[in-house]
>>> print(open('model_7.cif').read())   # mmCIF, C-alpha atoms
data_data
#
loop_
_atom_site.label_atom_id
_atom_site.label_comp_id
_atom_site.auth_asym_id
_atom_site.auth_seq_id
_atom_site.Cartn_x
_atom_site.Cartn_y
_atom_site.Cartn_z
CA MET N 14 86.59 119.64 156.07
CA ASP N 15 88.31 120.92 152.97
CA ARG N 16 88.02 119.34 149.57
CA ARG N 17 91.21 117.33 149.96
CA ASP N 18 89.98 115.82 153.21
CA PHE N 19 86.70 114.95 151.56
CA LEU N 20 88.43 113.20 148.67
CA GLN N 21 90.57 111.16 151.00
CA LEU N 22 87.47 110.07 152.89
CA ALA N 23 85.65 109.29 149.69
CA ALA N 24 88.54 107.12 148.55
CA VAL N 25 88.30 105.12 151.74
CA GLY N 26 84.53 104.98 151.95
CA GLY N 27 83.83 104.11 148.34
CA GLY N 28 83.17 105.97 145.17
CA ALA N 29 86.67 106.89 144.19
CA VAL N 30 88.21 103.90 142.49
CA PHE N 31 91.70 105.22 142.27
CA ALA N 32 93.54 108.02 143.96
CA SER N 33 97.26 108.16 143.89
CA ALA N 34 100.35 110.23 143.98
CA LEU N 35 101.89 109.43 140.61
CA PRO N 36 105.26 110.21 139.12
CA GLY N 37 104.92 113.86 138.28
CA CYS N 38 101.77 113.99 140.31
CA SER N 39 103.12 113.61 143.81
CA LEU N 40 101.78 115.50 146.72
CA PRO N 41 104.03 118.37 147.78
CA ALA N 42 105.98 117.81 150.99
CA SER N 43 104.62 121.10 152.22
CA GLY N 44 102.76 123.98 150.72
CA SER N 45 102.54 127.62 151.51
CA ARG N 46 99.22 129.23 152.23
CA ALA N 47 99.56 131.22 149.02
CA ALA N 48 100.16 128.05 147.04
CA GLU N 49 97.12 126.36 148.59
CA ASP N 50 95.00 129.35 147.66
CA GLU N 51 95.98 128.75 144.06
CA ASP N 52 95.11 125.05 144.15
CA PHE N 53 92.30 124.08 141.83
CA TYR N 54 91.00 121.08 140.01
CA PHE N 55 89.60 120.34 136.63
CA VAL N 56 87.87 117.31 135.15
CA GLN N 57 89.12 115.44 132.10
CA LEU N 58 86.68 113.47 129.96
CA SER N 59 87.78 111.72 126.83
CA ASP N 60 86.82 109.53 123.91
CA THR N 61 83.06 109.71 124.22
CA HIS N 62 82.62 108.56 120.58
CA TRP N 63 79.07 109.84 120.34
CA GLY N 64 77.36 107.96 117.51
CA TYR N 65 79.14 104.67 118.11
CA GLN N 66 76.93 101.62 117.78
CA GLY N 67 78.36 98.21 118.49
CA PRO N 68 78.73 95.34 120.88
CA ALA N 69 81.57 96.94 122.84
CA ASN N 70 78.97 99.23 124.44
CA PRO N 71 75.31 98.27 124.04
CA ASP N 72 74.50 101.17 126.37
CA ALA N 73 76.17 103.81 124.18
CA ALA N 74 73.02 105.90 123.86
CA VAL N 75 73.03 106.81 127.55
CA THR N 76 76.63 106.41 128.74
CA LEU N 77 77.58 110.03 128.06
CA ARG N 78 74.46 111.36 129.74
CA LYS N 79 75.21 109.28 132.84
CA ALA N 80 78.76 110.62 132.94
CA VAL N 81 77.45 114.18 132.72
CA ALA N 82 75.18 113.47 135.67
CA SER N 83 78.09 112.04 137.66
CA VAL N 84 80.25 115.08 136.98
CA ASN N 85 77.40 117.35 138.03
CA ALA N 86 77.12 115.39 141.28
CA LEU N 87 80.71 116.12 142.33
CA THR N 88 80.69 117.74 145.74
CA THR N 89 82.71 120.71 144.60
CA PRO N 90 82.28 121.67 140.96
CA PRO N 91 85.49 121.68 138.94
CA GLU N 92 86.79 125.05 137.80
CA PHE N 93 86.68 123.80 134.24
CA ILE N 94 86.30 120.64 132.17
CA VAL N 95 88.36 119.44 129.22
CA PHE N 96 87.37 116.90 126.60
CA THR N 97 90.51 115.45 125.07
CA GLY N 98 89.13 114.31 121.76
CA ASP N 99 87.06 111.73 119.92
CA LEU N 100 83.91 113.51 120.98
CA THR N 101 82.14 111.67 118.17
CA HIS N 102 82.63 108.38 116.36
CA THR N 103 83.84 108.81 112.81
CA THR N 104 81.60 108.73 109.78
CA ASP N 105 82.20 109.33 106.08
CA ASP N 106 78.98 111.33 105.85
CA ALA N 107 79.71 115.01 106.48
CA THR N 108 76.08 115.70 107.38
CA GLU N 109 76.02 112.86 109.85
CA ARG N 110 79.32 114.08 111.35
CA ARG N 111 77.74 117.46 112.03
CA ARG N 112 74.62 115.84 113.43
CA ARG N 113 76.73 113.86 115.88
CA LEU N 114 78.73 116.92 116.87
CA ALA N 115 75.51 118.86 117.44
CA GLU N 116 74.01 116.08 119.58
CA PHE N 117 77.19 115.78 121.59
CA LYS N 118 77.27 119.54 122.16
CA ALA N 119 73.65 119.54 123.30
CA ILE N 120 74.24 116.73 125.80
CA VAL N 121 77.34 118.26 127.39
CA ALA N 122 75.61 121.63 127.59
CA ASP N 123 74.04 120.15 130.74
CA LEU N 124 77.42 120.18 132.50
CA GLN N 125 77.13 122.58 135.40
CA VAL N 126 80.49 124.25 135.16
CA LYS N 127 81.73 127.68 134.20
CA GLN N 128 84.00 126.61 131.37
CA VAL N 129 84.20 123.58 129.10
CA ARG N 130 87.05 123.24 126.63
CA PHE N 131 87.05 120.88 123.68
CA MET N 132 89.69 119.21 121.61
CA PRO N 133 89.27 116.98 118.55
CA GLY N 134 90.30 113.38 118.11
CA GLU N 135 90.99 111.68 114.82
CA HIS N 136 87.40 110.42 114.73
CA ASP N 137 86.17 114.03 114.80
CA ALA N 138 88.70 115.70 112.58
CA SER N 139 90.93 113.52 110.44
CA LEU N 140 88.56 112.99 107.52
CA ASP N 141 87.88 116.71 106.99
CA ARG N 142 90.98 118.21 108.62
CA GLY N 143 88.92 119.60 111.48
CA GLU N 144 86.45 121.56 109.38
CA ALA N 145 83.26 120.37 111.10
CA PHE N 146 84.84 120.43 114.55
CA LYS N 147 85.80 124.09 114.12
CA GLU N 148 82.24 124.99 113.17
CA PHE N 149 81.04 123.75 116.55
CA PHE N 150 83.96 124.28 118.91
CA GLY N 151 86.41 126.73 117.37
CA ASP N 152 90.15 126.32 117.08
CA THR N 153 91.68 122.87 117.31
CA HIS N 154 94.76 124.20 119.10
CA TYR N 155 94.93 127.01 121.60
CA ALA N 156 96.43 128.17 124.86
CA PHE N 157 94.99 129.63 128.04
CA GLU N 158 96.05 130.40 131.56
CA HIS N 159 94.38 129.36 134.77
CA LYS N 160 95.66 130.48 138.15
CA GLY N 161 99.21 130.79 136.92
CA VAL N 162 99.26 127.48 135.00
CA HIS N 163 99.89 127.66 131.26
CA PHE N 164 97.62 125.26 129.41
CA ILE N 165 98.48 124.40 125.82
CA ALA N 166 96.09 122.34 123.70
CA LEU N 167 97.87 120.64 120.80
CA ASP N 168 96.11 119.20 117.76
CA ASN N 169 97.72 115.98 116.53
CA VAL N 170 94.67 114.65 114.71
CA SER N 171 93.47 117.11 112.06
CA ASP N 172 96.29 115.84 109.89
CA PRO N 173 95.23 112.24 109.15
CA GLY N 174 98.88 111.28 109.38
CA ALA N 175 98.89 112.09 113.11
CA LYS N 176 101.20 115.06 112.75
CA ILE N 177 101.26 118.29 114.67
CA GLY N 178 102.88 119.96 111.71
CA ASP N 179 105.46 122.68 111.19
CA GLU N 180 103.03 125.57 111.56
CA GLN N 181 101.62 124.43 114.88
CA LEU N 182 105.06 123.53 116.20
CA ALA N 183 106.20 127.07 115.38
CA TRP N 184 103.16 128.34 117.26
CA LEU N 185 104.06 126.11 120.22
CA SER N 186 107.60 127.44 120.19
CA ALA N 187 106.28 131.01 120.24
CA GLN N 188 103.94 130.21 123.13
CA LEU N 189 106.76 128.68 125.15
CA ALA N 190 109.09 131.58 124.45
CA ARG N 191 106.79 133.77 126.54
CA VAL N 192 106.93 131.45 129.54
CA ASP N 193 109.51 131.21 132.30
CA LYS N 194 111.43 127.93 132.32
CA ALA N 195 110.13 127.18 135.83
CA ALA N 196 106.50 127.99 135.07
CA PRO N 197 103.90 125.23 135.38
CA ILE N 198 102.79 123.99 131.96
CA VAL N 199 100.01 121.53 131.16
CA VAL N 200 99.76 120.14 127.65
CA LEU N 201 96.41 118.74 126.55
CA THR N 202 96.31 116.57 123.47
CA HIS N 203 94.58 113.54 122.00
CA ARG N 204 97.26 111.11 120.90
CA PRO N 205 100.29 110.29 123.01
CA LEU N 206 103.18 112.58 122.13
CA PHE N 207 105.62 109.73 122.65
CA ASP N 208 105.83 106.35 120.88
CA LEU N 209 103.61 104.36 123.20
CA ALA N 210 102.71 101.60 120.73
CA PRO N 211 103.53 102.46 117.10
CA LYS N 212 102.19 99.07 115.95
CA TRP N 213 98.81 100.17 117.20
CA ASP N 214 99.18 103.68 115.84
CA TRP N 215 99.44 104.99 119.40
CA ALA N 216 101.91 107.74 118.69
CA THR N 217 102.26 111.18 117.16
CA ARG N 218 104.46 111.16 114.09
CA ASP N 219 106.27 114.36 115.02
CA GLY N 220 105.56 114.19 118.74
CA ALA N 221 109.28 114.06 119.51
CA ARG N 222 109.64 117.56 118.09
CA ALA N 223 107.01 118.87 120.51
CA LEU N 224 108.72 117.13 123.41
CA ASP N 225 112.06 118.60 122.37
CA LEU N 226 110.50 122.06 122.59
CA LEU N 227 109.02 121.27 126.02
CA MET N 228 112.10 119.65 127.55
CA PRO N 229 113.80 122.88 128.67
CA TYR N 230 110.77 123.64 130.85
CA GLN N 231 110.99 122.23 134.34
CA ASN N 232 107.32 121.63 135.14
CA VAL N 233 105.47 120.04 132.25
CA THR N 234 102.60 117.57 132.53
CA VAL N 235 100.69 116.07 129.59
CA PHE N 236 97.11 114.81 129.75
CA TYR N 237 95.79 112.96 126.72
CA GLY N 238 93.21 110.38 125.54
CA HIS N 239 93.06 108.11 122.48
CA ILE N 240 94.06 104.81 124.14
CA HIS N 241 90.85 104.37 126.20
CA GLN N 242 92.58 103.53 129.44
CA GLU N 243 94.54 105.05 132.26
CA HIS N 244 98.26 105.01 131.55
CA HIS N 245 101.21 106.85 133.07
CA HIS N 246 104.58 107.38 131.51
CA GLN N 247 107.62 109.62 131.86
CA THR N 248 109.79 111.02 129.10
CA GLY N 249 112.61 112.58 131.05
CA HIS N 250 110.98 114.85 133.61
CA ILE N 251 107.74 115.18 131.60
CA ALA N 252 104.82 113.13 132.91
CA HIS N 253 102.17 111.79 130.50
CA HIS N 254 98.77 110.62 131.77
CA SER N 255 96.11 109.12 129.50
CA ALA N 256 92.44 109.04 130.45
CA LYS N 257 89.80 106.37 130.32
CA SER N 258 87.15 106.43 127.63
CA LEU N 259 83.42 106.90 128.00
CA ILE N 260 82.49 104.37 125.33
CA PHE N 261 84.66 101.23 125.47
CA ALA N 262 87.97 100.16 126.94
CA LEU N 263 90.97 99.08 124.88
CA PRO N 264 93.61 96.50 125.83
CA ALA N 265 96.90 97.41 127.46
CA PRO N 266 99.48 98.58 124.91
CA GLY N 267 100.89 95.63 122.98
CA SER N 268 99.16 93.07 125.20
CA GLN N 269 97.47 91.27 122.29
CA PRO N 270 97.89 91.11 118.52
CA THR N 271 95.26 93.72 117.73
CA ARG N 272 93.79 96.69 119.55
CA THR N 273 90.21 95.42 119.47
CA PRO N 274 87.90 96.80 122.18
CA LEU N 275 87.61 94.85 125.38
CA PRO N 276 84.28 93.00 125.45
CA TRP N 277 81.33 94.50 127.29
CA ASP N 278 80.71 92.79 130.61
CA PRO N 279 76.94 92.62 131.30
CA GLY N 280 77.70 91.86 134.94
CA MET N 281 79.81 95.00 135.27
CA PRO N 282 78.47 97.62 132.88
CA TYR N 283 80.91 100.49 132.20
CA LYS N 284 83.84 98.44 133.48
CA GLY N 285 87.05 100.22 132.49
CA LEU N 286 85.24 103.44 131.63
CA GLY N 287 85.21 106.68 133.55
CA PHE N 288 86.45 110.22 133.96
CA ARG N 289 89.01 111.83 136.19
CA GLU N 290 89.63 114.74 138.45
CA VAL N 291 92.99 116.46 138.11
CA GLU N 292 93.91 118.48 141.14
CA ALA N 293 96.66 121.07 140.77
CA GLU N 294 98.86 121.45 143.79
CA ASP N 295 102.08 123.21 144.62
CA ALA N 296 101.05 126.12 142.41
CA GLY N 297 100.37 123.80 139.49
CA LYS N 298 103.71 122.01 139.55
CA THR N 299 102.26 118.71 140.76
CA TYR N 300 98.97 117.00 140.00
CA LYS N 301 96.87 114.48 141.83
CA VAL N 302 94.66 112.30 139.66
CA THR N 303 91.48 110.71 140.97
CA GLU N 304 89.60 108.32 138.74
CA TRP N 305 85.81 108.08 138.85
CA PRO N 306 83.49 105.50 137.25
CA VAL N 307 80.73 106.49 134.84
CA VAL N 308 78.11 105.96 137.52
CA ARG N 309 78.99 106.93 141.07
CA ALA N 310 77.54 104.86 143.88
CA MET M 19 118.67 104.90 82.74
CA SER M 20 114.91 104.69 82.88
CA VAL M 21 112.88 106.58 85.47
CA LEU M 22 111.75 103.28 86.96
CA MET M 23 115.32 102.01 87.24
CA ARG M 24 116.44 105.27 88.82
CA ARG M 25 113.62 105.06 91.38
CA ARG M 26 114.55 101.51 92.24
CA LEU M 27 118.15 102.50 92.80
CA LEU M 28 117.05 105.36 95.02
CA LEU M 29 114.84 103.03 97.02
CA ARG M 30 117.68 100.56 97.38
CA ALA M 31 119.90 103.28 98.74
CA ALA M 32 117.20 104.42 101.15
CA TRP M 33 116.63 100.92 102.43
CA ALA M 34 120.31 100.26 102.85
CA GLY M 35 120.29 103.20 105.24
CA ALA M 36 117.29 101.86 107.07
CA GLY M 37 119.36 99.09 108.55
CA ALA M 38 117.69 96.40 110.63
CA ALA M 39 116.45 93.24 108.96
CA LEU M 40 117.48 94.41 105.54
CA ALA M 41 120.87 92.85 105.29
CA GLY M 42 122.62 94.56 102.46
CA ALA M 43 119.40 95.34 100.65
CA GLY M 44 120.06 96.10 97.04
CA LEU M 45 123.70 96.96 97.42
CA ALA M 46 124.93 93.88 95.65
CA GLN M 47 125.29 94.41 91.95
CA ASP M 48 123.65 91.11 91.13
CA GLU M 49 121.81 90.68 87.91
CA VAL M 50 118.85 88.73 89.30
CA GLN M 51 115.65 90.68 88.97
CA PRO M 52 113.68 90.71 92.20
CA ARG M 53 110.28 89.09 92.38
CA VAL M 54 107.56 91.71 92.19
CA ILE M 55 104.58 91.32 94.52
CA GLU M 56 101.52 93.50 94.08
CA LEU M 57 99.80 94.86 97.17
CA LEU M 58 96.57 96.84 97.19
CA ALA M 59 95.65 99.24 99.99
CA LYS M 60 91.95 99.91 100.26
CA ARG M 61 89.58 100.75 103.06
CA PHE M 62 90.12 98.94 105.43
CA THR M 63 92.44 96.19 104.35
CA TYR M 64 95.57 95.33 102.46
CA VAL M 65 95.14 92.75 99.72
CA PRO M 66 96.73 90.35 100.33
CA SER M 67 96.98 90.95 104.05
CA GLU M 68 99.65 88.27 104.44
CA ILE M 69 102.65 87.98 102.15
CA ALA M 70 105.01 85.01 102.27
CA LEU M 71 108.70 85.77 101.76
CA LYS M 72 111.86 83.74 101.99
CA ALA M 73 114.82 84.90 104.01
CA GLY M 74 117.46 86.33 101.74
CA GLU M 75 115.14 86.71 98.77
CA ARG M 76 115.10 90.11 97.17
CA VAL M 77 111.56 91.27 96.36
CA VAL M 78 109.83 94.44 95.29
CA ILE M 79 106.46 95.17 96.85
CA ALA M 80 104.45 97.21 94.35
CA ILE M 81 101.85 99.00 96.45
CA LYS M 82 98.84 100.81 95.10
CA ALA M 83 96.23 102.71 97.12
CA VAL M 84 92.85 102.64 95.42
CA ASP M 85 90.55 104.84 97.50
CA PHE M 86 92.44 106.99 100.03
CA ALA M 87 95.90 108.29 100.81
CA HIS M 88 96.60 105.36 103.12
CA GLY M 89 99.82 104.97 105.00
CA MET M 90 101.99 101.93 105.41
CA ASN M 91 103.96 101.84 108.61
CA ILE M 92 106.45 99.04 109.25
CA PRO M 93 107.69 99.75 112.78
CA ASP M 94 110.00 96.72 112.86
CA LEU M 95 111.93 98.22 109.96
CA GLY M 96 111.66 101.83 111.10
CA LYS M 97 110.01 102.64 107.78
CA ARG M 98 106.77 104.18 106.62
CA LEU M 99 105.26 105.18 103.29
CA ASP M 100 102.50 107.47 102.11
CA LEU M 101 100.44 105.72 99.47
CA VAL M 102 99.11 108.20 96.96
CA PRO M 103 96.00 106.88 95.18
CA GLY M 104 96.67 105.94 91.59
CA ARG M 105 100.43 105.71 91.99
CA VAL M 106 102.43 102.56 92.45
CA ILE M 107 104.92 102.86 95.29
CA GLU M 108 107.72 100.33 95.21
CA LEU M 109 109.31 98.95 98.32
CA GLU M 110 112.32 96.70 97.98
CA LEU M 111 112.90 94.14 100.69
CA GLN M 112 115.46 91.47 101.38
CA PRO M 113 114.60 90.00 104.76
CA ALA M 114 117.62 88.58 106.53
CA ALA M 115 115.94 86.02 108.75
CA ALA M 116 112.72 84.13 109.33
CA GLY M 117 110.03 85.87 111.31
CA THR M 118 106.97 88.09 111.01
CA ILE M 119 107.09 91.74 110.01
CA GLU M 120 103.83 93.58 110.62
CA PHE M 121 102.61 96.65 108.79
CA MET M 122 99.58 98.85 109.23
CA CYS M 123 97.86 101.95 107.89
CA ASP M 124 98.90 105.03 109.85
CA ASN M 125 96.85 107.63 108.00
CA PHE M 126 93.40 107.68 109.62
CA CYS M 127 91.07 106.50 106.87
CA GLY M 128 87.73 106.02 108.61
CA ASP M 129 85.70 103.60 110.67
CA GLY M 130 87.77 100.46 110.29
CA HIS M 131 91.16 102.17 110.13
CA GLU M 132 92.20 100.41 113.31
CA GLU M 133 91.82 97.03 111.62
CA MET M 134 93.81 97.88 108.50
CA GLN M 135 96.97 95.87 108.87
CA GLY M 136 98.98 93.10 107.28
CA ARG M 137 102.21 91.18 107.66
CA PHE M 138 105.14 89.66 105.87
CA VAL M 139 105.75 86.09 106.97
CA VAL M 140 109.38 85.24 106.33
CA THR M 141 110.47 81.61 106.27
CA ALA M 142 114.00 80.24 106.22
#
>>> encode(input="model_7.cif", output="structure tokens")
Amino acid sequence: MDRRDFLQLAAVGGGAVFASALPGCSLPASGSRAAEDEDFYFVQLSDTHWGYQGPANPDAAVTLRKAVASVNALTTPPEFIVFTGDLTHTTDDATERRRRLAEFKAIVADLQVKQVRFMPGEHDASLDRGEAFKEFFGDTHYAFEHKGVHFIALDNVSDPGAKIGDEQLAWLSAQLARVDKAAPIVVLTHRPLFDLAPKWDWATRDGARALDLLMPYQNVTVFYGHIHQEHHHQTGHIAHHSAKSLIFALPAPGSQPTRTPLPWDPGMPYKGLGFREVEAEDAGKTYKVTEWPVVRA
Amino acid sequence: MSVLMRRRLLLRAAWAGAGAALAGAGLAQDEVQPRVIELLAKRFTYVPSEIALKAGERVVIAIKAVDFAHGMNIPDLGKRLDLVPGRVIELELQPAAAGTIEFMCDNFCGDGHEEMQGRFVVTA
């Protein structure tokens, strides 16, 4: 039984709460042996908000640790893990911010995986323009390759105005100039690059400029966080997939007057929270997303 | 022409270009001085958070940030402002019809930023 067969069985037998072929994530009609050899998967975790204390998650002190245990229990370890921002909950106190970042880093050090990559959210970086984040995790934007897929991590939070900025956009343009138009590209970011819900500040002020740069490329997929729920959207041929949070869930975009957290359900702890597997197929041109709860049965 | 008058004229021109819900804002050469409404932006609220307006009335919102470079985003009008602490930013409005126009801070200002919002309530 290969990993794909196992996942399909797991989806039927329990554990996996969602497995789908999504727009931009569809299974290939057929795949060559070479393409299958290049298949891989990574795990996306997001919006852990370490340091949060409030009624939306009375179990906040242990939720992240339970998620780490669940990731470590995956049958096949992911090739890498990405955290798409809001690692910590914001604080005005610079010392406290660093304490939270240090505690978060210590907890996720237990992840049994070769590579973990980190991105900031506005809670980590907007009040000091990423200064503390960089001390712990390095650059706030970067690029890397994995099995022929070009990953680009964009920072749309270090500027408190939710801008990527001219300098980083020029860097993005230079990165893309080195890539074939048909190459698989995955963009990782915190805020949505498109105007999902401007009234809730669920947007990137100059996100359209980044999308304009990406549009000429045929195989682009964006994974992001920020909105504390699974959401799927297309801008042209570019697919955007947001991840669940690991602290509290937020309402569907525009579904109520304010974006207040959904209340904690004592009967169903961690409802609406979780992490996801992202499986690259067709040489990284399509992606299959499987959602997992914080605690796996 | 005073600096203040010049700024007001510039703002009028900018708003005329903004279009929706600002029917002919400031383009008429009327002599009636607009009502001035003060608005404070401070973590994590606007004071007042609700401002009553009348459709067709020309007003100037005089906005002052007191503790942070807050933003003021008004998606319904396709307009946003950066509020520099210590400076009064003037926003001229002439709502065309009754309704509610929401605004919110769009510069992340801390724990409570998500709740920093207000609205203009326009009556006929």
>>> atom_distance(input="model_7.cif", atom1="CA of Gly220 in chain N", atom2="CA of Thr248 in chain N")
11.6 Å
>>> atom_distance(input="model_7.cif", atom1="CA of Val77 in chain M", atom2="CA of Glu132 in chain M")
27.3 Å
>>> resolve_selection(input="model_7.cif", expression="the PyMOL selection byres ((chain M) within 12 of (chain N))", output="ChimeraX atom specification")
/M:61,86-101,119-137
>>> atom_distance(input="model_7.cif", atom1="CA of Phe93 in chain N", atom2="CA of Asp295 in chain N")
18.6 Å
>>> residues_near_point(input="model_7.cif", point="(112.3, 82.9, 98.1)", cutoff="12 Å", atoms="only C-alpha atoms", output="list of chain:residue names")
M:Pro52, M:Arg53, M:Val54, M:Ile55, M:Ile69, M:Ala70, M:Leu71, M:Lys72, M:Ala73, M:Gly74, M:Glu75, M:Arg76, M:Val77, M:Leu111, M:Gln112, M:Pro113, M:Ala114, M:Ala115, M:Ala116, M:Val139, M:Val140, M:Thr141, M:Ala142
>>> axis_aligned_box(input="model_7.cif", around="range 138-156 of chain N", padding_each_side="5 Å", output="JSON")
{"center_x": 88.7, "center_y": 120.6, "center_z": 115.9, "size_x": 25.4, "size_y": 25.2, "size_z": 27.9}
>>> resolve_selection(input="model_7.cif", expression="the PyMOL selection byres ((chain N and resi 69) around 8)", output="ChimeraX atom specification")
/N:67-68,70-71,260-261,274-277
>>> residues_around(input="model_7.cif", residues="Tyr237 in chain N", least_positions_apart="5", cutoff="8 Å", atoms="all atoms listed in the file", output="list in words")
Thr97, Leu201, Thr202, His203, Arg204, Pro205, His253, His254, Ser255 and Ala256 of chain N
>>> residues_around(input="model_7.cif", residues="Ile107 in chain M", least_positions_apart="5", cutoff="7 Å", atoms="all atoms listed in the file", output="count of residues only")
4
>>> resolve_selection(input="model_7.cif", expression="the PyMOL selection byres ((chain N and resi 159-161) around 8)", output="PDB file with C-alpha atoms, keeping the file's coordinate frame")
ATOM      1  CA  GLU N  51      95.980 128.750 144.060  1.00  0.00           C
ATOM      2  CA  PHE N 157      94.990 129.630 128.040  1.00  0.00           C
ATOM      3  CA  GLU N 158      96.050 130.400 131.560  1.00  0.00           C
ATOM      4  CA  VAL N 162      99.260 127.480 135.000  1.00  0.00           C
ATOM      5  CA  HIS N 163      99.890 127.660 131.260  1.00  0.00           C
ATOM      6  CA  PHE N 164      97.620 125.260 129.410  1.00  0.00           C
ATOM      7  CA  PRO N 197     103.900 125.230 135.380  1.00  0.00           C
ATOM      8  CA  ALA N 296     101.050 126.120 142.410  1.00  0.00           C
ATOM      9  CA  GLY N 297     100.370 123.800 139.490  1.00  0.00           C
TER      10      GLY N 297
END
>>> residues_around(input="model_7.cif", residues="Ile94 in chain N", least_positions_apart="5", cutoff="7 Å", atoms="all atoms listed in the file", output="list in words")
Phe55, Val56, Gln57, Gln128, Val129 and Arg130 of chain N
>>> residues_around(input="model_7.cif", residues="Leu58 in chain M", least_positions_apart="6", cutoff="8 Å", atoms="only C-alpha atoms", output="list in words")
Tyr64, Val65, Pro66, Ile81, Lys82, Ala83 and Val84 of chain M
>>> write_last_selection(input="model_7.cif", atoms="C-alpha atoms", output="mmCIF file, in the frame of the given file")
data_model
loop_
_atom_site.group_PDB
_atom_site.id
_atom_site.type_symbol
_atom_site.label_atom_id
_atom_site.label_comp_id
_atom_site.auth_asym_id
_atom_site.auth_seq_id
_atom_site.Cartn_x
_atom_site.Cartn_y
_atom_site.Cartn_z
ATOM 1 C CA TYR M 64 95.570 95.330 102.460
ATOM 2 C CA VAL M 65 95.140 92.750 99.720
ATOM 3 C CA PRO M 66 96.730 90.350 100.330
ATOM 4 C CA ILE M 81 101.850 99.000 96.450
ATOM 5 C CA LYS M 82 98.840 100.810 95.100
ATOM 6 C CA ALA M 83 96.230 102.710 97.120
ATOM 7 C CA VAL M 84 92.850 102.640 95.420
#
>>> closest_residue(input="model_7.cif", among="N:His246, N:Asp219, N:Ile251, N:Lys127", to="Leu167 in chain N", atoms="all atoms listed in the file")
N:Asp219
